2 protein chains.
Amino acid sequence: MKLLKEKVMTEGIVLSDQVLKVDSFLNHQMDPELMREIGGEFARRFAGEEITKVLTIESSGIAPAIMTALELKVPMIFARKHKSLTLKDDILVEKVYSFTKRETNEITVSKKFLSDSDRVLIIDDFLANGEAAFGLARIVEQVGAAVVGVGIVIEKSFQPGARLLVEAGYRVDSLVRVASLEDGVVTFADELD
Amino acid sequence: MKLLKEKVMTEGIVLSDQVLKVDSFLNHQMDPELMREIGGEFARRFAGEEITKVLTIESSGIAPAIMTALELKVPMIFARKHKSLTLKDDILVEKVYSFTKRETNEITVSKKFLSDSDRVLIIDDFLANGEAAFGLARIVEQVGAAVVGVGIVIEKSFQPGARLLVEAGYRVDSLVRVASLEDGVVTFADELD
């Protein structure tokens with residue numbers, strides 16, 4: 001996605017070989033027009049998949065997910081990373097390890113919003129080790145619903161998440177794929193093709 | 001806002017005299033078309049205010065805020081409730097007490113996204129005691145920017161937040177105002193007029 005690549009090139013800050021900071025347009029300050037275009041792009045890529053729900057995880061996944069759901073005309077659900085006080089019973093729970101924060105969270109979704117007839121598109125802002133995406137997929141599968149695919153805004157292709165998800169049988173569609181952050185430079189995967 | 005009132009009446013669940021659960025369309029599962037209409041309504045109400053930024057707090061404020069920002073054609077920023085690992089320095093911090101969770105969070109916004117020339121619209125899903133809104137307003141004022149107003153999806157008018165914000169000089173615009181949850185029934189403020 002050309003516009004997104006330009007944003008990554010002009011505004012992304014390489015903090016280390018592992019960490020790309022994109023807080024000016026994706027996960028702290030957000031560009032709403034870019035979010036709308038991201039939602040449109042996911043909707044196009046997964047057109048014909050008869051998606052019934054879009055699922056993401058708080059917080060940075062919410063904006064791209066709501067725009068995708070708007071375009072697909074289906075509800076969006078965001079999984080919570082911490083148990084809510086008004087969300088006590090009848091919840092689907094999965095453990096998700098965060099390599100960034102070095103902690104395990106129990107992510108939760110209320111049972112009443114997913115059923116075995118659902119066809120779910122998982123959306124997230126970043127894909128690195130795949131922990132969050134796998135956790136969301138397991139939640140969908142707990143109720144016997146289908147994971148149609150995983151839509152990612154920025155994939156860090158040098159980390160194993162995308163490969164592991166594909167090996168597990170999931171369709172992964174990333175809008176930009178970062179092959180390397182070495183020497184403080186963003187190299188995109190398609191530049192290596 | 002008629003559509004939103006209908007949603008509250010048909011899907012809202014009164015858990016106690018204090019707690020209204022709206023997780024089917026506002027803060028867990030979200031109705032993207034409703035979010036778009038909410039964004040449009042805030043943009044109309046604050047038209048002519050020359051807003052430069054929309055500010056909210058994770059997580060449930062993000063969807064209404066991004067839709068408002070899309071309509072106003074300005075960036076949206078969400079404050080974080082917990083410090084981010086990639087957001088270490090140059091941050092604006094305010095303490096916010098959550099009556100629901102009975103804990104104090106340090107909410108943070110990166111300094112680089114706010115300046116003294118900004119005119120900021122604060123958006124949140126709920127207004128109860130006003131702690132989050134006041135915290136966001138203090139963050140805006142730390143850099144000398146102006147708080148144009150506070151746009152709230154659901155105001156619980158029987159709690160003091162709205163009154164305290166107005167007394168402090170802020171414009172508060174709530175799309176629906178709930179006067180009471182007594183006896184398990186949602187009574188709207190305009191029904192008492």
# chains A, B, ... in the order shown; residues from 1 in each chain; ligands from 1

$ closest_atom_pairs --of "chain B" --to "chain A" --cutoff "10 Å" --atoms "only C-alpha atoms" --output "CSV"
residue,atom,partner,partner_atom,distance
B:Leu15,CA,A:Thr86,CA,8.2
B:Val19,CA,A:Thr86,CA,8.3
B:Leu20,CA,A:Thr86,CA,9.0
B:Lys21,CA,A:Thr86,CA,7.0
B:Val22,CA,A:Thr86,CA,9.8
B:Asp23,CA,A:Leu87,CA,8.7
B:Ser24,CA,A:Phe113,CA,7.7
B:Phe25,CA,A:Pro75,CA,8.2
B:Leu26,CA,A:Ile77,CA,9.7
B:Asn27,CA,A:Phe78,CA,8.3
B:His28,CA,A:Phe78,CA,5.6
B:Gln29,CA,A:Ile77,CA,4.1
B:Met30,CA,A:Met76,CA,5.2
B:Asp31,CA,A:Pro75,CA,5.2
B:Pro32,CA,A:Leu70,CA,4.9
B:Glu33,CA,A:Leu70,CA,6.1
B:Leu34,CA,A:Leu70,CA,9.4
B:Met35,CA,A:Ile66,CA,8.5
B:Arg36,CA,A:Leu70,CA,8.1
B:Lys53,CA,A:Gln29,CA,9.5
B:Val54,CA,A:Gln29,CA,9.5
B:Leu55,CA,A:Gln29,CA,9.0
B:Ile57,CA,A:Ser59,CA,9.7
B:Glu58,CA,A:Ser59,CA,6.2
B:Ser59,CA,A:Ser59,CA,5.4
B:Ser60,CA,A:Ser59,CA,8.6
B:Gly61,CA,A:Ile62,CA,9.9
B:Ile62,CA,A:Ala63,CA,6.7
B:Ala63,CA,A:Ala63,CA,6.0
B:Pro64,CA,A:Ala63,CA,9.4
B:Ala65,CA,A:Ala63,CA,9.2
B:Ile66,CA,A:Pro32,CA,5.8
B:Met67,CA,A:Pro32,CA,7.4
B:Thr68,CA,A:Pro32,CA,8.9
B:Ala69,CA,A:Pro32,CA,6.2
B:Leu70,CA,A:Pro32,CA,4.9
B:Glu71,CA,A:Pro32,CA,8.7
B:Leu72,CA,A:Pro32,CA,9.5
B:Lys73,CA,A:Pro32,CA,7.5
B:Val74,CA,A:Pro32,CA,7.5
B:Pro75,CA,A:Asp31,CA,5.2
B:Met76,CA,A:Met30,CA,5.2
B:Ile77,CA,A:Gln29,CA,4.1
B:Phe78,CA,A:His28,CA,5.7
B:Ala79,CA,A:His28,CA,7.2
B:Arg80,CA,A:His28,CA,8.0
B:Ser84,CA,A:Lys101,CA,8.7
B:Leu85,CA,A:Lys101,CA,7.3
B:Thr86,CA,A:Lys21,CA,7.0
B:Leu87,CA,A:Asp23,CA,8.6
B:Thr100,CA,A:Leu85,CA,7.6
B:Lys101,CA,A:Leu85,CA,7.3
B:Val109,CA,A:His28,CA,8.0
B:Ser110,CA,A:His28,CA,8.1
B:Lys112,CA,A:Ser24,CA,9.0
B:Phe113,CA,A:Gln29,CA,7.1

$ select_by_dssp --residues "stretch 9-192 of chain B" --states "strand (DSSP E or B)" --output "PyMOL selection string"
chain B and resi 13-14+20-21+29-30+53-57+76-80+91-98+103-110+119-127+146-156+172-180+187-188

$ residues_around --residues "A:Lys5" --least-positions-apart "2" --cutoff "12 Å" --atoms "only C-alpha atoms" --output "ChimeraX atom specification"
/A:1-3,7-12,22,25,34,38,153-155,174-178,186-191

$ select_by_dssp --residues "stretch 3-134 of chain B" --states "helix (DSSP H, G or I)" --output "count of residues only"
41

$ atom_distance --atom1 "atom CA of A:Glu182" --atom2 "atom CA of B:Ile91"
27.0 Å

$ atom_distance --atom1 "atom CA of A:Ile107" --atom2 "atom CA of A:Asn129"
16.4 Å

$ residues_around --residues "B:Glu94" --least-positions-apart "6" --cutoff "8 Å" --atoms "only C-alpha atoms" --output "VMD selection string"
chain B and resid 106 to 108 135 to 136 138 to 139

$ write_last_selection --atoms "N, CA and C atoms" --output "PDB file, in the first residue's frame"
ATOM      1  N   GLU B 106      -1.640   6.756  35.471  1.00  0.00           N
ATOM      2  CA  GLU B 106      -0.943   7.901  34.901  1.00  0.00           C
ATOM      3  C   GLU B 106      -1.203   7.885  33.411  1.00  0.00           C
ATOM      4  N   ILE B 107      -1.995   8.840  32.929  1.00  0.00           N
ATOM      5  CA  ILE B 107      -2.262   8.879  31.500  1.00  0.00           C
ATOM      6  C   ILE B 107      -1.201   9.751  30.825  1.00  0.00           C
ATOM      7  N   THR B 108      -0.811   9.332  29.623  1.00  0.00           N
ATOM      8  CA  THR B 108       0.318  10.002  28.960  1.00  0.00           C
ATOM      9  C   THR B 108       0.002  10.339  27.501  1.00  0.00           C
ATOM     10  N   GLY B 135      -8.469  15.020  33.290  1.00  0.00           N
ATOM     11  CA  GLY B 135      -7.076  14.631  33.056  1.00  0.00           C
ATOM     12  C   GLY B 135      -6.627  14.996  31.649  1.00  0.00           C
ATOM     13  N   LEU B 136      -7.488  14.719  30.675  1.00  0.00           N
ATOM     14  CA  LEU B 136      -7.163  15.065  29.286  1.00  0.00           C
ATOM     15  C   LEU B 136      -7.077  16.579  29.110  1.00  0.00           C
ATOM     16  N   ARG B 138      -6.257  18.777  31.399  1.00  0.00           N
ATOM     17  CA  ARG B 138      -5.008  19.254  32.026  1.00  0.00           C
ATOM     18  C   ARG B 138      -3.810  18.992  31.117  1.00  0.00           C
ATOM     19  N   ILE B 139      -3.825  17.860  30.404  1.00  0.00           N
ATOM     20  CA  ILE B 139      -2.731  17.552  29.472  1.00  0.00           C
ATOM     21  C   ILE B 139      -2.681  18.598  28.360  1.00  0.00           C
TER      22      ILE B 139
END

$ closest_residue --among "A:Val93, A:Asp173, A:Ala179, A:Gly184" --to "A:Arg44" --atoms "only C-alpha atoms"
A:Asp173

$ decode --residues "stretch 39-183 of chain A" --atoms "C-alpha atoms" --output "compact mmCIF listing (two decimals), in the first residue's frame"
# COMPACT_ATOMS: atom_id res chain seq x y z
CA GLY A 39 -10.00 -0.09 6.13
CA GLY A 40 -10.93 0.15 2.45
CA GLU A 41 -7.85 -1.81 1.43
CA PHE A 42 -8.53 -4.66 3.89
CA ALA A 43 -12.16 -4.77 2.72
CA ARG A 44 -10.99 -5.07 -0.92
CA ARG A 45 -8.41 -7.77 -0.16
CA PHE A 46 -10.91 -9.89 1.77
CA ALA A 47 -13.90 -9.19 -0.51
CA GLY A 48 -16.00 -12.27 -1.24
CA GLU A 49 -15.01 -13.95 2.02
CA GLU A 50 -18.47 -13.38 3.52
CA ILE A 51 -16.99 -11.90 6.68
CA THR A 52 -19.50 -11.48 9.53
CA LYS A 53 -17.25 -9.91 12.22
CA VAL A 54 -13.99 -8.00 12.48
CA LEU A 55 -11.96 -8.83 15.60
CA THR A 56 -8.99 -6.89 16.98
CA ILE A 57 -7.28 -6.22 20.30
CA GLU A 58 -7.08 -2.94 22.19
CA SER A 59 -5.77 -0.33 21.67
CA SER A 60 -3.92 0.34 18.41
CA GLY A 61 -5.94 -2.21 16.44
CA ILE A 62 -9.24 -0.42 17.07
CA ALA A 63 -8.97 2.37 14.49
CA PRO A 64 -7.96 0.21 11.50
CA ALA A 65 -10.50 -2.43 12.59
CA ILE A 66 -13.46 -0.04 12.89
CA MET A 67 -12.69 1.39 9.44
CA THR A 68 -12.50 -2.12 7.97
CA ALA A 69 -15.79 -3.06 9.66
CA LEU A 70 -17.41 0.14 8.36
CA GLU A 71 -16.45 -0.79 4.81
CA LEU A 72 -17.53 -4.43 5.22
CA LYS A 73 -20.76 -3.37 7.01
CA VAL A 74 -20.27 -5.82 9.88
CA PRO A 75 -19.75 -5.36 13.65
CA MET A 76 -16.27 -4.94 15.10
CA ILE A 77 -15.21 -6.48 18.41
CA PHE A 78 -12.09 -5.56 20.32
CA ALA A 79 -10.61 -8.07 22.74
CA ARG A 80 -9.61 -6.63 26.09
CA LYS A 81 -6.13 -7.13 27.48
CA HIS A 82 -7.32 -6.82 31.04
CA LYS A 83 -10.52 -8.19 32.51
CA SER A 84 -13.33 -5.64 32.63
CA LEU A 85 -15.43 -5.20 35.74
CA THR A 86 -18.66 -5.27 33.74
CA LEU A 87 -17.51 -8.26 31.72
CA LYS A 88 -17.45 -10.94 34.36
CA ASP A 89 -19.04 -14.09 33.13
CA ASP A 90 -19.43 -15.91 29.84
CA ILE A 91 -16.11 -14.77 28.50
CA LEU A 92 -13.67 -16.42 26.14
CA VAL A 93 -10.13 -16.17 27.53
CA GLU A 94 -6.72 -16.85 26.01
CA LYS A 95 -3.24 -16.18 27.36
CA VAL A 96 -1.08 -13.95 25.16
CA TYR A 97 2.59 -13.27 25.83
CA SER A 98 3.91 -9.84 24.91
CA PHE A 99 7.60 -9.91 23.96
CA THR A 100 7.69 -6.10 24.03
CA LYS A 101 6.30 -5.81 27.55
CA ARG A 102 7.65 -9.16 28.75
CA GLU A 103 4.35 -10.09 30.36
CA THR A 104 1.46 -12.46 29.79
CA ASN A 105 -2.00 -10.97 29.45
CA GLU A 106 -5.30 -12.77 29.54
CA ILE A 107 -7.21 -11.42 26.56
CA THR A 108 -10.98 -11.69 26.75
CA VAL A 109 -13.99 -11.52 24.46
CA SER A 110 -17.58 -11.83 25.61
CA LYS A 111 -19.09 -15.12 24.42
CA LYS A 112 -22.31 -13.54 23.27
CA PHE A 113 -20.67 -11.72 20.37
CA LEU A 114 -19.25 -14.80 18.59
CA SER A 115 -21.04 -17.91 17.39
CA ASP A 116 -20.10 -20.98 15.35
CA SER A 117 -21.61 -19.46 12.20
CA ASP A 118 -19.28 -16.45 12.28
CA ARG A 119 -16.60 -15.82 9.67
CA VAL A 120 -14.08 -13.57 11.38
CA LEU A 121 -11.40 -11.27 9.99
CA ILE A 122 -8.66 -10.52 12.53
CA ILE A 123 -7.07 -7.07 12.21
CA ASP A 124 -4.03 -5.70 14.06
CA ASP A 125 -1.61 -2.82 13.67
CA PHE A 126 1.63 -4.83 13.95
CA LEU A 127 2.66 -8.43 13.40
CA ALA A 128 5.92 -9.48 15.01
CA ASN A 129 5.93 -12.80 16.85
CA GLY A 130 2.27 -13.49 16.17
CA GLU A 131 1.26 -13.98 19.80
CA ALA A 132 -1.73 -11.59 19.67
CA ALA A 133 -2.97 -12.93 16.31
CA PHE A 134 -2.74 -16.54 17.51
CA GLY A 135 -4.56 -15.62 20.73
CA LEU A 136 -7.36 -13.94 18.78
CA ALA A 137 -7.57 -16.93 16.41
CA ARG A 138 -7.85 -19.35 19.35
CA ILE A 139 -10.69 -17.24 20.78
CA VAL A 140 -12.55 -17.44 17.45
CA GLU A 141 -11.98 -21.19 17.28
CA GLN A 142 -13.14 -21.75 20.88
CA VAL A 143 -16.71 -21.14 19.68
CA GLY A 144 -16.24 -23.06 16.43
CA ALA A 145 -16.23 -19.94 14.24
CA ALA A 146 -13.95 -19.61 11.20
CA VAL A 147 -10.88 -17.36 10.95
CA VAL A 148 -11.11 -15.99 7.41
CA GLY A 149 -7.71 -14.34 7.65
CA VAL A 150 -5.41 -11.98 9.48
CA GLY A 151 -5.06 -8.42 8.16
CA ILE A 152 -1.97 -6.58 9.39
CA VAL A 153 -1.04 -2.94 8.88
CA ILE A 154 2.74 -3.38 9.35
CA GLU A 155 4.37 -6.79 9.30
CA LYS A 156 7.89 -7.16 10.64
CA SER A 157 8.84 -9.98 8.30
CA PHE A 158 12.16 -10.57 10.05
CA GLN A 159 10.25 -11.83 13.08
CA PRO A 160 8.51 -15.22 12.90
CA GLY A 161 4.80 -14.29 13.31
CA ALA A 162 3.76 -14.23 9.65
CA ARG A 163 5.56 -17.48 8.83
CA LEU A 164 4.10 -19.26 11.88
CA LEU A 165 0.56 -18.09 11.06
CA VAL A 166 0.85 -19.23 7.43
CA GLU A 167 2.30 -22.58 8.54
CA ALA A 168 -0.69 -22.95 10.86
CA GLY A 169 -2.98 -22.54 7.86
CA TYR A 170 -4.08 -18.91 8.23
CA ARG A 171 -4.21 -16.42 5.40
CA VAL A 172 -2.06 -13.41 6.33
CA ASP A 173 -2.42 -10.19 4.40
CA SER A 174 -0.08 -7.37 5.43
CA LEU A 175 -0.32 -3.89 3.94
CA VAL A 176 3.41 -3.29 4.29
CA ARG A 177 6.12 -5.82 5.04
CA VAL A 178 9.30 -4.63 6.69
CA ALA A 179 12.19 -6.99 5.91
CA SER A 180 14.79 -5.27 8.06
CA LEU A 181 15.45 -2.36 10.40
CA GLU A 182 19.22 -2.86 10.38
CA ASP A 183 21.54 0.15 10.41
